[in-house]
$ cat work.txt   # compact mmCIF, C-alpha atoms
# COMPACT_ATOMS: atom_id res chain seq x y z
CA MET A 22 104.34 103.62 99.66
CA LYS A 23 102.99 100.46 101.26
CA ASN A 24 105.33 97.78 99.89
CA VAL A 25 108.48 97.54 97.77
CA ILE A 26 107.74 94.67 95.42
CA SER A 27 109.10 95.72 92.03
CA ILE A 28 111.13 98.69 90.89
CA ARG A 29 108.54 98.98 88.11
CA ASP A 30 106.03 100.18 90.73
CA LEU A 31 108.17 103.17 91.75
CA SER A 32 108.12 106.56 90.05
CA ARG A 33 111.25 108.64 89.45
CA GLU A 34 110.20 110.89 92.34
CA GLU A 35 109.75 107.95 94.72
CA ILE A 36 113.14 106.54 93.76
CA LEU A 37 114.87 109.90 94.27
CA HIS A 38 113.09 110.39 97.60
CA LEU A 39 114.42 107.05 98.88
CA LEU A 40 117.93 107.88 97.66
CA ASP A 41 117.75 111.27 99.39
CA GLN A 42 116.61 109.66 102.63
CA GLY A 43 119.43 107.11 102.38
CA GLU A 44 121.92 109.94 101.89
CA LYS A 45 120.64 111.77 104.98
CA ILE A 46 120.97 108.55 106.98
CA GLU A 47 124.53 108.05 105.76
CA LYS A 48 125.45 111.61 106.68
CA GLY A 49 123.87 111.25 110.11
CA GLU A 50 121.28 113.95 109.40
CA LEU A 51 118.50 111.46 109.86
CA LYS A 52 118.46 108.87 112.63
CA PRO A 53 115.31 106.77 112.32
CA ASP A 54 114.32 104.86 115.45
CA HIS A 55 112.23 101.69 115.24
CA SER A 56 112.89 100.32 118.71
CA GLU A 57 109.34 98.97 119.09
CA THR A 58 109.39 97.18 115.76
CA VAL A 59 110.03 93.57 114.73
CA MET A 60 111.14 92.82 111.19
CA SER A 61 110.79 89.27 109.87
CA ILE A 62 113.20 88.00 107.26
CA VAL A 63 111.61 85.11 105.38
CA PHE A 64 114.12 83.71 102.92
CA PHE A 65 113.10 80.58 101.02
CA GLU A 66 116.43 80.89 99.17
CA SER A 67 119.81 81.28 100.80
CA SER A 68 121.52 84.65 101.06
CA THR A 69 124.44 86.22 102.86
CA ARG A 70 124.76 89.82 101.88
CA THR A 71 121.15 90.82 101.48
CA ARG A 72 120.16 89.15 104.76
CA PHE A 73 123.01 90.71 106.75
CA SER A 74 122.36 94.04 105.10
CA PHE A 75 118.68 94.02 106.11
CA GLU A 76 119.49 92.80 109.62
CA THR A 77 122.11 95.51 110.06
CA ALA A 78 119.77 98.16 108.67
CA MET A 79 117.08 97.23 111.20
CA LYS A 80 119.47 96.88 114.13
CA ARG A 81 121.02 100.29 113.38
CA MET A 82 117.52 101.66 113.94
CA ASN A 83 117.18 99.76 117.24
CA GLY A 84 114.63 97.37 115.74
CA LYS A 85 114.36 93.62 116.34
CA VAL A 86 114.81 90.94 113.71
CA ILE A 87 113.51 87.37 113.37
CA THR A 88 114.94 85.30 110.56
CA MET A 89 114.12 82.21 108.52
CA SER A 90 116.97 81.54 106.11
CA GLY A 91 116.41 78.54 103.90
CA THR A 92 113.62 76.07 104.56
CA LYS A 93 115.60 73.27 106.20
CA GLY A 94 114.06 72.29 109.54
CA THR A 95 111.17 74.75 109.16
CA SER A 96 107.42 74.21 108.78
CA VAL A 97 107.93 74.54 105.01
CA ASP A 98 109.98 71.35 105.19
CA LYS A 99 107.00 69.72 106.89
CA GLY A 100 104.79 70.58 103.96
CA GLU A 101 103.23 73.86 105.09
CA SER A 102 101.95 75.97 102.21
CA LEU A 103 103.72 79.18 101.28
CA GLY A 104 100.60 81.20 102.11
CA ASP A 105 100.30 79.68 105.59
CA THR A 106 103.97 80.35 106.35
CA LEU A 107 103.66 83.99 105.32
CA LYS A 108 100.42 84.55 107.25
CA THR A 109 101.85 82.99 110.40
CA VAL A 110 105.11 84.95 110.38
CA ALA A 111 103.13 88.14 109.65
CA ASN A 112 101.49 87.65 113.07
CA TYR A 113 104.88 87.91 114.75
CA SER A 114 106.24 90.95 112.94
CA ASP A 115 105.51 94.49 111.77
CA ILE A 116 107.29 94.37 108.41
CA MET A 117 108.45 91.42 106.32
CA VAL A 118 111.36 90.91 103.93
CA VAL A 119 110.87 87.98 101.56
CA ARG A 120 113.20 86.14 99.18
CA SER A 121 111.92 83.30 97.02
CA GLY A 122 112.79 81.36 93.90
CA LEU A 123 109.18 81.68 92.75
CA GLU A 124 108.55 84.84 90.79
CA GLY A 125 105.77 87.04 92.16
CA THR A 126 105.87 85.54 95.68
CA GLN A 127 106.12 88.99 97.27
CA ARG A 128 103.24 90.39 95.21
CA TYR A 129 101.16 87.47 96.42
CA ALA A 130 102.41 87.99 100.00
CA SER A 131 101.36 91.65 99.89
CA GLU A 132 97.85 90.54 98.96
CA ILE A 133 97.41 88.07 101.79
CA ILE A 134 99.19 89.68 104.76
CA PRO A 135 98.42 93.04 106.39
CA ILE A 136 102.01 94.25 107.03
CA PRO A 137 104.41 95.92 104.55
CA VAL A 138 106.36 93.54 102.31
CA ILE A 139 109.84 94.10 100.88
CA ASN A 140 111.04 91.98 97.98
CA ALA A 141 114.59 90.76 98.56
CA GLY A 142 114.64 88.82 95.28
CA ASP A 143 112.09 86.66 93.47
CA GLY A 144 113.60 84.13 91.07
CA SER A 145 114.89 85.86 87.96
CA ASN A 146 112.34 88.64 88.21
CA GLN A 147 113.16 91.51 90.56
CA HIS A 148 115.50 92.68 93.29
CA PRO A 149 114.29 96.23 93.87
CA THR A 150 116.32 97.05 97.00
CA GLN A 151 119.50 96.02 95.16
CA CYS A 152 118.46 98.35 92.36
CA LEU A 153 117.96 101.23 94.79
CA LEU A 154 121.38 100.70 96.34
CA ASP A 155 122.87 100.46 92.85
CA LEU A 156 121.25 103.75 91.84
CA TYR A 157 122.43 105.26 95.12
CA SER A 158 125.99 104.10 94.38
CA ILE A 159 125.86 105.37 90.80
CA ARG A 160 124.61 108.79 91.93
CA LYS A 161 127.20 108.94 94.70
CA THR A 162 130.12 108.18 92.37
CA GLN A 163 128.93 110.24 89.39
CA GLY A 164 127.19 113.12 91.15
CA LYS A 165 124.10 112.54 89.01
CA LEU A 166 121.85 109.85 87.55
CA ASP A 167 120.66 111.38 84.30
CA ASN A 168 122.21 110.75 80.87
CA LEU A 169 124.95 108.35 81.96
CA SER A 170 126.56 105.73 79.77
CA ILE A 171 126.32 102.38 81.54
CA ALA A 172 127.53 98.91 80.58
CA VAL A 173 125.80 95.93 82.18
CA VAL A 174 127.87 92.78 81.80
CA GLY A 175 127.38 89.05 82.37
CA ASP A 176 124.18 87.15 83.06
CA LEU A 177 121.51 89.44 81.72
CA ARG A 178 119.07 86.61 81.18
CA TYR A 179 118.62 85.27 84.70
CA GLY A 180 120.05 88.14 86.75
CA ARG A 181 117.28 89.78 88.76
CA ALA A 182 119.64 92.55 89.91
CA VAL A 183 120.18 93.39 86.24
CA HIS A 184 116.46 93.27 85.47
CA SER A 185 115.65 95.67 88.30
CA LEU A 186 118.59 97.91 87.46
CA VAL A 187 117.63 98.52 83.84
CA TYR A 188 114.03 99.32 84.81
CA GLY A 189 115.28 101.64 87.56
CA LEU A 190 117.69 103.38 85.18
CA SER A 191 114.95 103.81 82.59
CA HIS A 192 113.75 106.91 84.51
CA PHE A 193 117.09 108.62 83.91
CA SER A 194 117.68 108.49 80.13
CA PRO A 195 120.73 106.23 80.19
CA LYS A 196 122.71 104.92 77.24
CA LEU A 197 122.80 101.18 77.99
CA HIS A 198 125.41 98.77 76.69
CA LEU A 199 124.17 95.24 77.36
CA ILE A 200 127.15 92.89 77.16
CA SER A 201 126.61 89.14 77.43
CA PRO A 202 127.15 85.87 75.60
CA ASP A 203 124.31 85.19 73.17
CA PHE A 204 122.81 82.58 75.48
CA LEU A 205 122.52 85.06 78.35
CA LYS A 206 121.04 88.07 76.54
CA ILE A 207 118.45 90.20 78.29
CA PRO A 208 114.91 88.73 77.95
CA GLU A 209 112.91 90.02 75.00
CA TYR A 210 110.07 91.32 77.18
CA ILE A 211 112.46 93.58 79.10
CA LYS A 212 113.97 94.83 75.87
CA THR A 213 110.48 95.59 74.62
CA ASP A 214 109.73 97.55 77.79
CA LEU A 215 112.96 99.55 77.45
CA GLU A 216 112.32 100.27 73.78
CA ASP A 217 108.79 101.43 74.64
CA LYS A 218 110.42 103.95 76.98
CA ASN A 219 112.81 105.07 74.18
CA ILE A 220 115.92 103.93 76.03
CA GLU A 221 119.05 103.75 73.90
CA ILE A 222 120.27 100.15 73.98
CA HIS A 223 123.35 98.60 72.40
CA GLU A 224 123.68 94.84 72.69
CA GLY A 225 127.04 93.18 72.27
CA SER A 226 129.32 90.48 73.59
CA ASP A 227 132.71 92.22 73.77
CA LEU A 228 133.30 94.30 76.88
CA SER A 229 136.62 95.70 75.61
CA GLU A 230 134.63 97.57 72.96
CA VAL A 231 132.72 99.58 75.55
CA ILE A 232 134.91 99.83 78.64
CA ASN A 233 136.54 103.12 77.55
CA LYS A 234 133.22 104.74 76.64
CA VAL A 235 131.17 104.22 79.78
CA ASP A 236 130.80 105.96 83.14
CA ILE A 237 129.76 102.80 84.97
CA MET A 238 130.42 99.15 84.29
CA TYR A 239 128.08 96.87 86.23
CA VAL A 240 129.46 93.33 86.18
CA THR A 241 127.41 90.33 87.30
CA ARG A 242 128.22 86.75 88.17
CA ILE A 243 127.17 83.96 85.85
CA GLN A 244 124.76 82.28 88.29
CA LYS A 245 125.34 78.54 88.33
CA GLU A 246 122.21 77.97 90.43
CA ARG A 247 119.94 79.33 87.67
CA PHE A 248 121.18 76.86 85.03
CA SER A 249 119.32 73.60 84.52
CA ASP A 250 121.97 72.54 81.97
CA LEU A 251 125.40 72.48 83.67
CA ASP A 252 127.21 72.01 80.34
CA ALA A 253 125.78 75.32 79.22
CA TYR A 254 127.08 76.85 82.46
CA GLU A 255 130.58 75.44 81.89
CA ARG A 256 130.64 76.97 78.40
CA VAL A 257 129.94 80.52 79.59
CA LYS A 258 131.17 80.66 83.19
CA ASN A 259 134.46 82.42 82.50
CA CYS A 260 133.45 84.42 79.47
CA TYR A 261 134.19 87.76 81.16
CA VAL A 262 137.07 88.49 83.48
CA VAL A 263 137.74 92.14 84.29
CA SER A 264 141.36 92.78 85.26
CA LYS A 265 143.49 95.80 86.15
CA SER A 266 145.21 95.73 82.76
CA MET A 267 141.97 96.78 81.06
CA PHE A 268 141.79 100.20 82.73
CA GLY A 269 144.45 102.01 80.64
CA ASP A 270 142.05 104.28 78.76
CA VAL A 271 138.91 104.32 80.87
CA LYS A 272 137.17 107.62 81.65
CA SER A 273 138.42 109.40 84.79
CA ASN A 274 135.00 109.07 86.44
CA PHE A 275 134.76 105.36 85.55
CA LYS A 276 133.58 103.04 88.33
CA LEU A 277 133.18 99.29 88.44
CA LEU A 278 130.12 97.95 90.27
CA HIS A 279 129.06 94.40 91.10
CA PRO A 280 126.10 93.20 93.20
CA LEU A 281 128.36 90.51 94.74
CA PRO A 282 129.13 87.71 95.41
CA ARG A 283 131.85 87.64 92.78
CA VAL A 284 133.52 84.47 91.61
CA ASP A 285 136.10 85.01 88.88
CA GLU A 286 134.54 87.79 86.81
CA ILE A 287 136.58 90.54 88.53
CA SER A 288 140.22 89.72 89.36
CA THR A 289 141.31 90.59 92.85
CA ASP A 290 144.01 92.88 91.41
CA VAL A 291 141.20 95.31 90.60
CA ASP A 292 140.18 95.68 94.25
CA ASP A 293 142.84 98.25 95.14
CA THR A 294 142.34 100.44 92.09
CA LYS A 295 140.37 103.68 92.27
CA TYR A 296 137.84 102.19 89.88
CA ALA A 297 136.63 99.39 92.16
CA TYR A 298 133.49 100.38 94.03
CA TYR A 299 131.73 97.08 94.79
CA PHE A 300 132.53 96.84 98.50
CA GLN A 301 131.39 100.41 99.16
CA GLN A 302 128.35 99.57 97.04
CA ALA A 303 127.47 96.72 99.42
CA LYS A 304 127.92 99.10 102.36
CA ASN A 305 125.55 101.61 100.76
CA GLY A 306 122.93 98.87 100.89
CA VAL A 307 122.51 99.39 104.62
CA TYR A 308 121.67 103.11 104.31
CA ILE A 309 119.25 102.55 101.49
CA ARG A 310 117.55 99.65 103.29
CA GLN A 311 117.22 101.80 106.42
CA ALA A 312 115.51 104.39 104.22
CA ILE A 313 113.18 101.80 102.65
CA ILE A 314 112.20 100.20 105.98
CA SER A 315 111.56 103.62 107.53
CA GLU A 316 109.47 104.74 104.58
CA LEU A 317 107.26 101.64 104.80
CA LEU A 318 106.89 102.00 108.55
CA GLY A 319 105.34 105.41 108.10
CA GLY A 320 107.97 107.74 106.73
CA SER A 321 111.45 108.64 107.91
CA LYS A 322 111.43 111.04 110.82
CA MET B 26 63.72 85.42 49.57
CA LYS B 27 64.20 85.18 53.29
CA LYS B 28 67.70 84.11 54.33
CA GLU B 29 67.63 80.68 55.92
CA ARG B 30 68.82 80.54 59.52
CA LYS B 31 71.03 77.63 60.50
CA VAL B 32 70.45 78.39 64.16
CA ASP B 33 66.99 79.39 65.37
CA ALA B 34 66.29 82.95 66.39
CA ILE B 35 65.88 83.63 70.08
CA LYS B 36 63.26 85.85 71.68
CA ASN B 37 65.35 87.29 74.49
CA GLY B 38 69.02 86.81 75.32
CA THR B 39 72.47 87.19 73.80
CA VAL B 40 73.90 86.18 70.44
CA ILE B 41 77.65 85.88 70.00
CA ASP B 42 78.47 85.75 66.31
CA HIS B 43 81.65 85.56 64.25
CA ILE B 44 83.40 83.26 66.70
CA PRO B 45 86.37 81.67 64.89
CA ALA B 46 85.36 78.19 63.71
CA GLY B 47 85.96 75.57 66.38
CA LYS B 48 86.26 78.00 69.30
CA ALA B 49 82.62 77.96 70.47
CA PHE B 50 83.22 75.36 73.18
CA LYS B 51 86.08 77.43 74.55
CA VAL B 52 83.75 80.45 74.60
CA ILE B 53 81.15 78.42 76.54
CA GLU B 54 83.85 77.42 79.01
CA ILE B 55 85.09 80.99 79.49
CA LEU B 56 81.57 82.34 79.97
CA LYS B 57 80.92 79.54 82.49
CA ILE B 58 77.66 78.68 80.75
CA LYS B 59 76.05 75.88 82.75
CA ASN B 60 74.55 72.76 81.28
CA THR B 61 71.15 73.94 82.51
CA ASP B 62 71.28 77.15 80.45
CA MET B 63 69.32 77.08 77.20
CA ILE B 64 71.74 77.63 74.33
CA SER B 65 71.77 77.13 70.58
CA LEU B 66 75.06 76.46 68.94
CA GLY B 67 76.16 76.50 65.32
CA MET B 68 79.63 75.39 64.36
CA ASN B 69 81.59 75.67 61.11
CA LEU B 70 78.89 77.75 59.45
CA PRO B 71 79.75 79.58 56.23
CA SER B 72 81.02 83.12 56.80
CA SER B 73 81.52 85.72 54.11
CA LYS B 74 84.29 87.34 56.15
CA HIS B 75 86.28 84.38 57.45
CA GLY B 76 85.21 81.35 55.41
CA SER B 77 83.66 79.63 58.41
CA LYS B 78 82.54 80.61 61.88
CA ASP B 79 80.75 79.48 65.02
CA ILE B 80 77.68 81.16 66.52
CA LEU B 81 76.29 80.90 70.01
CA LYS B 82 72.86 81.99 71.22
CA VAL B 83 72.12 82.11 74.92
CA GLU B 84 68.43 82.31 75.78
CA ASN B 85 67.07 84.62 78.53
CA TRP B 86 70.49 85.87 79.58
CA GLU B 87 71.83 89.30 78.75
CA LEU B 88 75.58 89.00 79.08
CA SER B 89 77.43 92.12 80.22
CA HIS B 90 80.21 93.60 78.13
CA ASN B 91 82.74 92.72 80.80
CA GLU B 92 81.68 89.10 80.87
CA VAL B 93 81.86 88.79 77.13
CA ASN B 94 85.04 90.79 76.63
CA LYS B 95 87.01 87.95 78.17
CA ILE B 96 86.24 85.81 75.12
CA THR B 97 88.31 88.20 72.98
CA LEU B 98 91.31 86.12 74.05
CA VAL B 99 90.01 83.14 72.03
CA ALA B 100 87.55 84.88 69.72
CA PRO B 101 88.89 88.22 68.54
CA GLY B 102 86.49 89.78 66.04
CA ALA B 103 83.38 88.21 67.62
CA THR B 104 80.25 90.36 67.87
CA LEU B 105 77.78 90.51 70.71
CA SER B 106 74.08 91.24 70.18
CA ILE B 107 71.53 91.64 72.93
CA ILE B 108 68.12 90.43 71.73
CA ARG B 109 64.81 91.68 73.11
CA GLU B 110 61.52 90.45 71.60
CA PHE B 111 63.39 89.03 68.57
CA GLU B 112 64.92 92.44 67.83
CA ILE B 113 68.57 93.43 68.21
CA SER B 114 68.57 96.09 70.93
CA GLU B 115 72.36 96.43 71.20
CA LYS B 116 75.30 95.21 69.14
CA TYR B 117 79.02 95.65 69.52
CA ASN B 118 82.39 94.10 68.74
CA VAL B 119 84.14 92.43 71.65
CA LYS B 120 87.39 94.00 72.82
CA LEU B 121 89.94 93.05 75.42
CA PRO B 122 89.23 94.36 78.94
CA PRO B 123 92.08 96.22 80.75
CA GLU B 124 92.74 93.19 82.91
CA VAL B 125 91.76 89.55 83.02
CA SER B 126 91.57 87.66 86.32
CA GLY B 127 91.36 83.98 86.99
CA LEU B 128 91.33 82.82 83.39
CA ILE B 129 94.89 82.64 82.14
CA GLY B 130 97.59 80.20 83.16
CA CYS B 131 101.01 81.87 83.19
CA PRO B 132 103.46 80.01 80.90
CA ASN B 133 106.36 80.90 83.25
CA LYS B 134 106.93 77.71 85.26
CA LYS B 135 108.64 79.73 88.00
CA CYS B 136 105.66 82.07 88.40
CA ILE B 137 103.96 81.87 91.81
CA THR B 138 100.61 81.34 90.03
CA ASN B 139 101.77 77.85 89.12
CA GLU B 140 102.37 77.08 92.80
CA VAL B 141 99.39 78.74 94.43
CA GLU B 142 96.11 77.67 92.87
CA SER B 143 93.37 80.11 91.94
CA ILE B 144 95.47 83.25 91.59
CA SER B 145 95.92 84.62 88.09
CA ARG B 146 95.78 88.15 86.79
CA PHE B 147 96.95 89.59 83.49
CA TYR B 148 97.06 93.21 82.35
CA VAL B 149 96.24 93.93 78.73
CA GLU B 150 98.92 96.41 77.66
CA SER B 151 98.05 96.55 73.96
CA ASP B 152 94.60 96.38 72.34
CA ASP B 153 95.76 93.74 69.86
CA GLY B 154 96.63 91.35 72.70
CA LYS B 155 100.31 91.23 71.76
CA LYS B 156 101.31 92.49 75.21
CA MET B 157 99.69 90.67 78.12
CA ARG B 158 101.56 91.14 81.41
CA CYS B 159 101.39 88.74 84.33
CA HIS B 160 100.58 90.71 87.51
CA TYR B 161 102.83 88.37 89.53
CA CYS B 162 105.98 87.51 87.53
CA GLU B 163 105.67 90.70 85.40
CA ARG B 164 106.56 88.97 82.13
CA LEU B 165 104.95 89.97 78.86
CA TYR B 166 103.30 87.41 76.59
CA PRO B 167 101.29 87.60 73.40
CA ALA B 168 97.72 86.37 73.98
CA GLU B 169 98.13 83.48 71.52
CA SER B 170 100.87 81.94 73.66
CA LEU B 171 98.73 81.89 76.81
CA ASN B 172 96.81 78.99 78.22
CA ILE B 173 93.24 80.31 78.37
CA GLY B 174 90.39 78.85 80.40
$ encode --input "work.txt" --output "structure tokens"
Amino acid sequence: MKNVISIRDLSREEILHLLDQGEKIEKGELKPDHSETVMSIVFFESSTRTRFSFETAMKRMNGKVITMSGTKGTSVDKGESLGDTLKTVANYSDIMVVRSGLEGTQRYASEIIPIPVINAGDGSNQHPTQCLLDLYSIRKTQGKLDNLSIAVVGDLRYGRAVHSLVYGLSHFSPKLHLISPDFLKIPEYIKTDLEDKNIEIHEGSDLSEVINKVDIMYVTRIQKERFSDLDAYERVKNCYVVSKSMFGDVKSNFKLLHPLPRVDEISTDVDDTKYAYYFQQAKNGVYIRQAIISELLGGSK
Amino acid sequence: MKKERKVDAIKNGTVIDHIPAGKAFKVIEILKIKNTDMISLGMNLPSSKHGSKDILKVENWELSHNEVNKITLVAPGATLSIIREFEISEKYNVKLPPEVSGLIGCPNKKCITNEVESISRFYVESDDGKKMRCHYCERLYPAESLNIG
């Protein structure tokens, strides 16, 4: 594995290998050391969680981190081309994590720079490391990945975490309930890809219809920043709010996941229930990112 | 009686026939035929199969299958004949190649290919051209919705 650009590039075996490595790191059975290594974080879009998660992952392995977060005050602001920025930063580092609003930026980066590239989100396309930590969290809470019933709720149109997740899950024969307002349905091309892989999909807009049937409910934020029409955002922003009162008849193994940040789509009264898993999910991101970085730097030792 | 030719026969070179009427200029553009190359062109000629068609004859140039296959995007159903000494030495129907580089503009405005010039690559995921996938933004498009050339 040279880069992690899209979850579509990874086989079932590669995904499971990374999850296994992450698990060993969490249990302390594997302690990768990258003390001679510099990781660059090149984020053309802002981020809190993903950036901290990558930084923590690298620092836990004794590595060094250099960071560009947002373009304000950087050479990009002065008019430097994307390609020049990437090539320059590649000279200062051994592995690069890139986030960009332009879809395919990391694929392009991997073609013009000689060091491994990790995609930390490209527009509405992919967020493969989020997907891997989601799969890790699902496996950890359910004890397995195959044949689960999973509801994905919220912004399925623009949400790159959702797009990566459904492709990642497609290796594990899930039953997918895709719950969104009509305006935010999953893109047709992704549906076509899932149908080509014979994945069972049920589209709907009412989460109360599925909450008692599923093992996992993956809720996402309606992302204001992806809307060009703010009126359209106002119409759908509070369409789903998960609250404690909805958990009366859920399955005993039911868990609620969210890539975070959350706004209003999960009430805070859910946080203390046994079903809430989103903060642990974010913590799992560090183990899985340690596993990914180590794999790209030549395999976890 | 000998059938009358609307476009003169060539001695050596390539004939591309059954181009949909009106698409011949696009084919010339895709094949990067230069204004110094000797070509004969017939447009809106009667066709028993399609009503009307274009035909293009390129003198002294044997186009490779790969070169010509790119035109399938604008001229599905076209045929390619290699001519040697006025005789057809090879004939085949064009078909989409497995991937097409540098020819298609991605319709996704947020795709990196619309920011960085001169990168473009599409994978042909179905022979009928209904599924063309951008190598960069990974979206699927039918060939008819793509900006070719």
$ residues_around --input "work.txt" --residues "A:Ala312" --least-positions-apart "6" --cutoff "8 Å" --atoms "all atoms listed in the file" --output "PDB file with C-alpha atoms, in the frame of the given file"
ATOM      1  CA  LEU A  39     114.420 107.050  98.880  1.00  0.00           C
ATOM      2  CA  LEU A  40     117.930 107.880  97.660  1.00  0.00           C
ATOM      3  CA  GLN A  42     116.610 109.660 102.630  1.00  0.00           C
ATOM      4  CA  GLY A  43     119.430 107.110 102.380  1.00  0.00           C
ATOM      5  CA  ILE A  46     120.970 108.550 106.980  1.00  0.00           C
ATOM      6  CA  SER A 321     111.450 108.640 107.910  1.00  0.00           C
TER       7      SER A 321
END
$ residues_around --input "work.txt" --residues "B:Pro167" --least-positions-apart "6" --cutoff "10 Å" --atoms "only C-alpha atoms" --output "JSON, numbers by chain"
{"B": [149, 151, 153, 154, 155, 156, 157, 158]}
$ atom_distance --input "work.txt" --atom1 "atom CA of A:Lys304" --atom2 "atom CA of A:Lys165"
19.3 Å
$ interface_residues --input "work.txt" --of "chain B" --to "chain A" --cutoff "9 Å" --atoms "all atoms listed in the file" --output "PyMOL selection string"
chain B and resi 133-138+140-141+144+160-166
$ residues_around --input "work.txt" --residues "A:Glu286" --least-positions-apart "6" --cutoff "9 Å" --atoms "all atoms listed in the file" --output "ChimeraX atom specification"
/A:175,240-243,258-264
$ axis_aligned_box --input "work.txt" --around "stretch 150-163 of chain A" --padding-each-side "6 Å" --output "JSON"
{"center_x": 123.2, "center_y": 103.1, "center_z": 93.2, "size_x": 25.8, "size_y": 26.2, "size_z": 19.6}
$ atom_distance --input "work.txt" --atom1 "atom CA of B:Lys95" --atom2 "atom CA of B:Val52"
8.9 Å
$ atom_distance --input "work.txt" --atom1 "atom CA of B:Thr104" --atom2 "atom CA of B:Lys116"
7.0 Å
$ residues_around --input "work.txt" --residues "B:Lys120" --least-positions-apart "3" --cutoff "12 Å" --atoms "all atoms listed in the file" --output "JSON, numbers by chain"
{"B": [90, 91, 92, 93, 94, 95, 96, 97, 98, 99, 100, 101, 102, 103, 104, 105, 117, 123, 124, 125, 149, 151, 152, 153, 154]}
$ residues_around --input "work.txt" --residues "A:Met79" --least-positions-apart "6" --cutoff "8 Å" --atoms "all atoms listed in the file" --output "list in words"
His55, Met60, Lys85, Val86, Gln311 and Ile314 of chain A
$ residues_near_point --input "work.txt" --point "(61.7, 90.7, 67.7)" --cutoff "12 Å" --atoms "all atoms listed in the file" --output "number ranges by chain"
B: 34-38, 107-114
$ closest_residue --input "work.txt" --among "A:Leu37, A:Ile28, A:Val119, A:Ile134" --to "A:Ser185" --atoms "all atoms listed in the file"
A:Ile28
$ decode --input "work.txt" --residues "stretch 184-195 of chain A" --atoms "N, CA, C and O atoms" --output "mmCIF file, in the first residue's frame"
data_model
loop_
_atom_site.group_PDB
_atom_site.id
_atom_site.type_symbol
_atom_site.label_atom_id
_atom_site.label_comp_id
_atom_site.auth_asym_id
_atom_site.auth_seq_id
_atom_site.Cartn_x
_atom_site.Cartn_y
_atom_site.Cartn_z
ATOM 1 N N HIS A 184 -20.060 8.780 2.003
ATOM 2 C CA HIS A 184 -19.701 8.167 0.718
ATOM 3 C C HIS A 184 -18.631 7.089 0.925
ATOM 4 O O HIS A 184 -18.720 5.988 0.384
ATOM 5 N N SER A 185 -17.612 7.432 1.738
ATOM 6 C CA SER A 185 -16.577 6.436 2.006
ATOM 7 C C SER A 185 -17.144 5.249 2.790
ATOM 8 O O SER A 185 -16.819 4.100 2.507
ATOM 9 N N LEU A 186 -17.992 5.548 3.750
ATOM 10 C CA LEU A 186 -18.524 4.474 4.606
ATOM 11 C C LEU A 186 -19.294 3.424 3.795
ATOM 12 O O LEU A 186 -19.096 2.222 3.978
ATOM 13 N N VAL A 187 -20.166 3.884 2.899
ATOM 14 C CA VAL A 187 -20.971 2.889 2.177
ATOM 15 C C VAL A 187 -20.098 2.044 1.233
ATOM 16 O O VAL A 187 -20.331 0.837 1.078
ATOM 17 N N TYR A 188 -19.061 2.671 0.649
ATOM 18 C CA TYR A 188 -18.142 1.866 -0.176
ATOM 19 C C TYR A 188 -17.369 0.879 0.707
ATOM 20 O O TYR A 188 -17.163 -0.271 0.334
ATOM 21 N N GLY A 189 -16.928 1.339 1.873
ATOM 22 C CA GLY A 189 -16.186 0.463 2.778
ATOM 23 C C GLY A 189 -17.056 -0.709 3.233
ATOM 24 O O GLY A 189 -16.624 -1.866 3.233
ATOM 25 N N LEU A 190 -18.307 -0.405 3.583
ATOM 26 C CA LEU A 190 -19.220 -1.452 4.050
ATOM 27 C C LEU A 190 -19.563 -2.445 2.944
ATOM 28 O O LEU A 190 -19.946 -3.586 3.230
ATOM 29 N N SER A 191 -19.439 -2.011 1.700
ATOM 30 C CA SER A 191 -19.880 -2.865 0.594
ATOM 31 C C SER A 191 -19.087 -4.179 0.518
ATOM 32 O O SER A 191 -19.489 -5.106 -0.166
ATOM 33 N N HIS A 192 -17.962 -4.266 1.230
ATOM 34 C CA HIS A 192 -17.217 -5.538 1.278
ATOM 35 C C HIS A 192 -17.834 -6.525 2.269
ATOM 36 O O HIS A 192 -17.386 -7.665 2.359
ATOM 37 N N PHE A 193 -18.807 -6.069 3.061
ATOM 38 C CA PHE A 193 -19.248 -6.875 4.197
ATOM 39 C C PHE A 193 -20.754 -7.181 4.174
ATOM 40 O O PHE A 193 -21.372 -7.368 5.222
ATOM 41 N N SER A 194 -21.337 -7.211 2.994
ATOM 42 C CA SER A 194 -22.753 -7.582 2.809
ATOM 43 C C SER A 194 -23.702 -6.934 3.807
ATOM 44 O O SER A 194 -24.451 -7.628 4.517
ATOM 45 N N PRO A 195 -23.719 -5.619 3.890
ATOM 46 C CA PRO A 195 -24.620 -4.979 4.850
ATOM 47 C C PRO A 195 -26.041 -4.869 4.286
ATOM 48 O O PRO A 195 -26.251 -5.002 3.073
#
